[in-house]
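Before any comments, here is the structure.
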Amino acid sequence: MYQFSIDRETDAPKMVLTISGEIDLFAAPEFREKLYEAVSDVSADVVLNCRDLSYIDSSGLGILLGALKRVRQNSHQVYIRYLKDSIKKLFIITGLDKAFVLEDVQ
Amino acid sequence: MYQFSIDRETDAPKMVLTISGEIDLFAAPEFREKLYEAVSDVSADVVLNCRDLSYIDSSGLGILLGALKRVRQNSHQVYIRYLKDSIKKLFIITGLDKAFVLEDVQ
Amino acid sequence: MSKQKQIVLAIPPEAAYISLARLTASGLANQLGFDMDAIEDIKVCVSEVLNETISTSSDIKEPITLCFDLTKDGFEVLISRDMLQQSALFTSETGQFALSILETLMDRVILSNDNAGTICLSKTTGRSVPHG
Amino acid sequence: MSKQKQIVLAIPPEAAYISLARLTASGLANQLGFDMDAIEDIKVCVSEVLNETISTSSDIKEPITLCFDLTKDGFEVLISRDMLQQSALFTSETGQFALSILETLMDRVILSNDNAGTICLSKTTGRSVPHG
Ligand SMILES: Nc1ncnc2c1ncn2[C@@H]1O[C@H](COP(=O)(O)OP(=O)(O)O)[C@@H](O)[C@H]1O
Ligand SMILES: Nc1ncnc2c1ncn2[C@@H]1O[C@H](COP(=O)(O)OP(=O)(O)O)[C@@H](O)[C@H]1O
């Protein structure tokens, strides 16, 4: 149903995580565990590459926000890249576009 | 839901019809009308190119058989090309693989 | 979890809604772990039963109910509607094609005698699917 | 055709079946002529209601019923289940996200007061969908 892969870009100081597939209530527990583990004790900004994220619901958005809180505790920021329009709309509706830095660099 | 296009190959004496999409009970009335019209009074063998036929049910198979009867009245044959495995299976189950000439020329 | 899991879909008795039932059946089969060939078989068989139910009783406006009972290794689907008439099923030429298809592709097909409108299909993931 | 057309889907109250409801809702929306953006909105909203229903009452094993009434230019979906408890819906942080999403993407959202378990969403094809 969903895949979650982690790559650290070699030529950048940021930690880049790639999130793909569908994140819904069913996938949420595993996604929460993996994402929180990935960002725990990270001392760098985090970039979430969402190019292949096809679906996310409020439970997934809540987990992203939880990850943001963890990253901010270490005074870093979370950048979210390449959101599909239908998903970007959800960030805007919930105000999460203000909490994260949304990027559309091509 | 379904598309049905007719092309006569210019360099061949056979009449080639291309059938694509899904043919189910809902599509059946229009499919019947168009196919019977296409093969009526045709004095050549008919080739049905089914490369892009993704789904057909017994109502569609019945219509193909009706077309075959019309073509045979004029002493011609119907060739069916490039069936997907899941559809070829239906021809074998119903014995229609013996009524038509199934071809897999690539 | 003591009760057996069940998915129920009810549609109007019209050809236009058969594709929706096919979609739901294929989504469920996918989730239950059937392989691509078996999913295709299930779509075909659910459609065939609906075709027959709809075309043999066009005067009836009651919904058709598809009740999927999830079993240990597959499912059983009971397709039924309130039948005002007891018309014989699977007697036309295409109906006979349909019945051959059902009997070949499903593990078990039950046409209930007391009610011409109830048909039960079952299929398990454990069995490999015949290819022609 | 005198009766309004209705599609009913019942699923077990488990997160594993939400994707099936999403699939059925999207297939229906597609058939009713909603555009791609609206289909996506409908999938999202049906999911959000199911999420909330399932996560606020994990002790209940009764099925959840989605009843789609087809209207002239869209549909209305009533999502309900037998609730043994009257827990407040959409109060958690994610619940509040969900409610904002529903209210923005649907034409109308009704949370019934007499039964915390019934939520009604409606959407018509006539209206263009807001894009952020
Ligand atoms: N046509 C189909 N047949 C069978 N299963 C499908 C089909 N389309 C989607 N699915 C499955 O149903 C689940 C839910 O689909 P959905 O949320 O609609 O997918 P997506 O958001 O990728 O369009 C997915 O896990 C997918 O694998
Ligand atoms: N994921 C989906 N979301 C919305 N509509 C879909 C989806 N998948 C298929 N459909 C539509 O549902 C109808 C029935 O699909 P189905 O018979 O399963 O398609 P196919 O045989 O092409 O896999 C089709 O008309 C198709 O346009």
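By order in the structure tokens, chains are A, B, ...; within a chain, residues start at 1; ligands start at 1, following the order shown.
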- chain C contacts to chain D at 12 Å (only C-alpha atoms) as an MDAnalysis selection string: chainID C and resid 1:14 16:32 59:70
- Message: For a quick test of understanding: name the residues of chain B lying within 9 Å of chain C when counting only C-alpha atoms, and present them as a list in words.
- Response: Asp24, Leu25, Phe26, Ala27, Tyr55, Ile56, Asp57, Ser58, Ser59, Gly60, Leu61, Gly62, Asp85, Ser86, Lys88, Lys89, Leu90, Phe91, Ile92, Ile93, Thr94 and Gly95 of chain B
May I have the selected residues written with C-alpha atoms, as an mmCIF file, in the first residue's frame?
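Written output follows (result-v4.cif):
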```
data_model
loop_
_atom_site.group_PDB
_atom_site.id
_atom_site.type_symbol
_atom_site.label_atom_id
_atom_site.label_comp_id
_atom_site.auth_asym_id
_atom_site.auth_seq_id
_atom_site.Cartn_x
_atom_site.Cartn_y
_atom_site.Cartn_z
ATOM 1 C CA ASP B 24 -19.858 -5.357 -20.940
ATOM 2 C CA LEU B 25 -23.651 -5.538 -20.740
ATOM 3 C CA PHE B 26 -23.872 -1.750 -20.587
ATOM 4 C CA ALA B 27 -21.789 -1.240 -23.725
ATOM 5 C CA TYR B 55 -12.467 -6.734 -20.905
ATOM 6 C CA ILE B 56 -15.319 -8.606 -22.572
ATOM 7 C CA ASP B 57 -18.137 -10.596 -21.023
ATOM 8 C CA SER B 58 -20.570 -13.217 -22.310
ATOM 9 C CA SER B 59 -22.840 -10.562 -23.799
ATOM 10 C CA GLY B 60 -19.893 -9.327 -25.870
ATOM 11 C CA LEU B 61 -18.917 -12.880 -26.823
ATOM 12 C CA GLY B 62 -22.496 -13.445 -28.007
ATOM 13 C CA ASP B 85 -4.633 -14.190 -21.918
ATOM 14 C CA SER B 86 -7.529 -13.504 -19.550
ATOM 15 C CA LYS B 88 -8.450 -15.961 -24.567
ATOM 16 C CA LYS B 89 -9.310 -18.107 -21.574
ATOM 17 C CA LEU B 90 -12.976 -17.137 -22.008
ATOM 18 C CA PHE B 91 -12.879 -18.145 -25.689
ATOM 19 C CA ILE B 92 -11.481 -21.543 -24.706
ATOM 20 C CA ILE B 93 -14.024 -22.092 -21.909
ATOM 21 C CA THR B 94 -16.955 -21.289 -24.187
ATOM 22 C CA GLY B 95 -15.557 -23.215 -27.171
#
```
- DSSP-assigned strand (DSSP E or B) among chain C, expressed as a PyMOL selection string: chain C and resi 6-11+64-71+74-80+108-111+119-124
What does the file look like for those residues with C-alpha atoms, as a PDB file, in the first residue's frame?
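What follows is the written file again-v9.pdb:
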```pdb
ATOM      1  CA  GLN C   6     -18.440  -9.245   5.471  1.00  0.00           C
ATOM      2  CA  ILE C   7     -18.484  -6.603   2.744  1.00  0.00           C
ATOM      3  CA  VAL C   8     -21.877  -5.749   1.272  1.00  0.00           C
ATOM      4  CA  LEU C   9     -22.550  -3.812  -1.914  1.00  0.00           C
ATOM      5  CA  ALA C  10     -26.046  -2.987  -3.171  1.00  0.00           C
ATOM      6  CA  ILE C  11     -26.590  -1.488  -6.632  1.00  0.00           C
ATOM      7  CA  ILE C  64     -29.164  -6.290  -6.275  1.00  0.00           C
ATOM      8  CA  THR C  65     -27.108  -7.169  -3.218  1.00  0.00           C
ATOM      9  CA  LEU C  66     -23.607  -8.608  -3.353  1.00  0.00           C
ATOM     10  CA  CYS C  67     -22.585 -10.005  -0.008  1.00  0.00           C
ATOM     11  CA  PHE C  68     -18.918 -10.993   0.267  1.00  0.00           C
ATOM     12  CA  ASP C  69     -18.113 -13.252   3.221  1.00  0.00           C
ATOM     13  CA  LEU C  70     -14.395 -13.331   3.827  1.00  0.00           C
ATOM     14  CA  THR C  71     -13.184 -16.841   4.538  1.00  0.00           C
ATOM     15  CA  GLY C  74     -10.644 -16.373   0.057  1.00  0.00           C
ATOM     16  CA  PHE C  75     -14.250 -15.368  -0.110  1.00  0.00           C
ATOM     17  CA  GLU C  76     -17.746 -16.453  -0.887  1.00  0.00           C
ATOM     18  CA  VAL C  77     -20.081 -14.008  -2.600  1.00  0.00           C
ATOM     19  CA  LEU C  78     -23.835 -14.304  -2.430  1.00  0.00           C
ATOM     20  CA  ILE C  79     -25.600 -12.289  -5.110  1.00  0.00           C
ATOM     21  CA  SER C  80     -29.291 -11.870  -4.597  1.00  0.00           C
ATOM     22  CA  ARG C 108     -17.764 -23.448  -6.387  1.00  0.00           C
ATOM     23  CA  VAL C 109     -21.000 -22.131  -7.909  1.00  0.00           C
ATOM     24  CA  ILE C 110     -24.357 -22.665  -6.237  1.00  0.00           C
ATOM     25  CA  LEU C 111     -27.624 -21.688  -7.902  1.00  0.00           C
ATOM     26  CA  ILE C 119     -26.303 -17.268  -6.660  1.00  0.00           C
ATOM     27  CA  CYS C 120     -23.281 -18.127  -4.574  1.00  0.00           C
ATOM     28  CA  LEU C 121     -19.725 -18.093  -5.901  1.00  0.00           C
ATOM     29  CA  SER C 122     -16.628 -18.998  -3.961  1.00  0.00           C
ATOM     30  CA  LYS C 123     -12.934 -18.874  -4.596  1.00  0.00           C
ATOM     31  CA  THR C 124      -9.826 -19.368  -2.507  1.00  0.00           C
TER      32      THR C 124
END
```
- Query: What are the DSSP alpha helix (DSSP H) residues of region 1-131 of chain C, as a PyMOL selection string?
  - Reply: chain C and resi 18-31+36-55+93-105
- Query: Residues at most 9 Å from Val71 (chain B), counting only C-alpha atoms, excluding those fewer than 5 positions away in the same chain, as an MDAnalysis selection string?
  - Reply: chainID B and resid 39:46 66 76:78
- Message: What's the separation between atom 8 (N, counted along the ligand's line) of ligand 1 and CA of Arg51 (chain B), in Å to one decimal place?
- Response: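 Atom 8 (N, counted along the ligand's line) of ligand 1 sits 21.5 Å away from CA of Arg51 (chain B).
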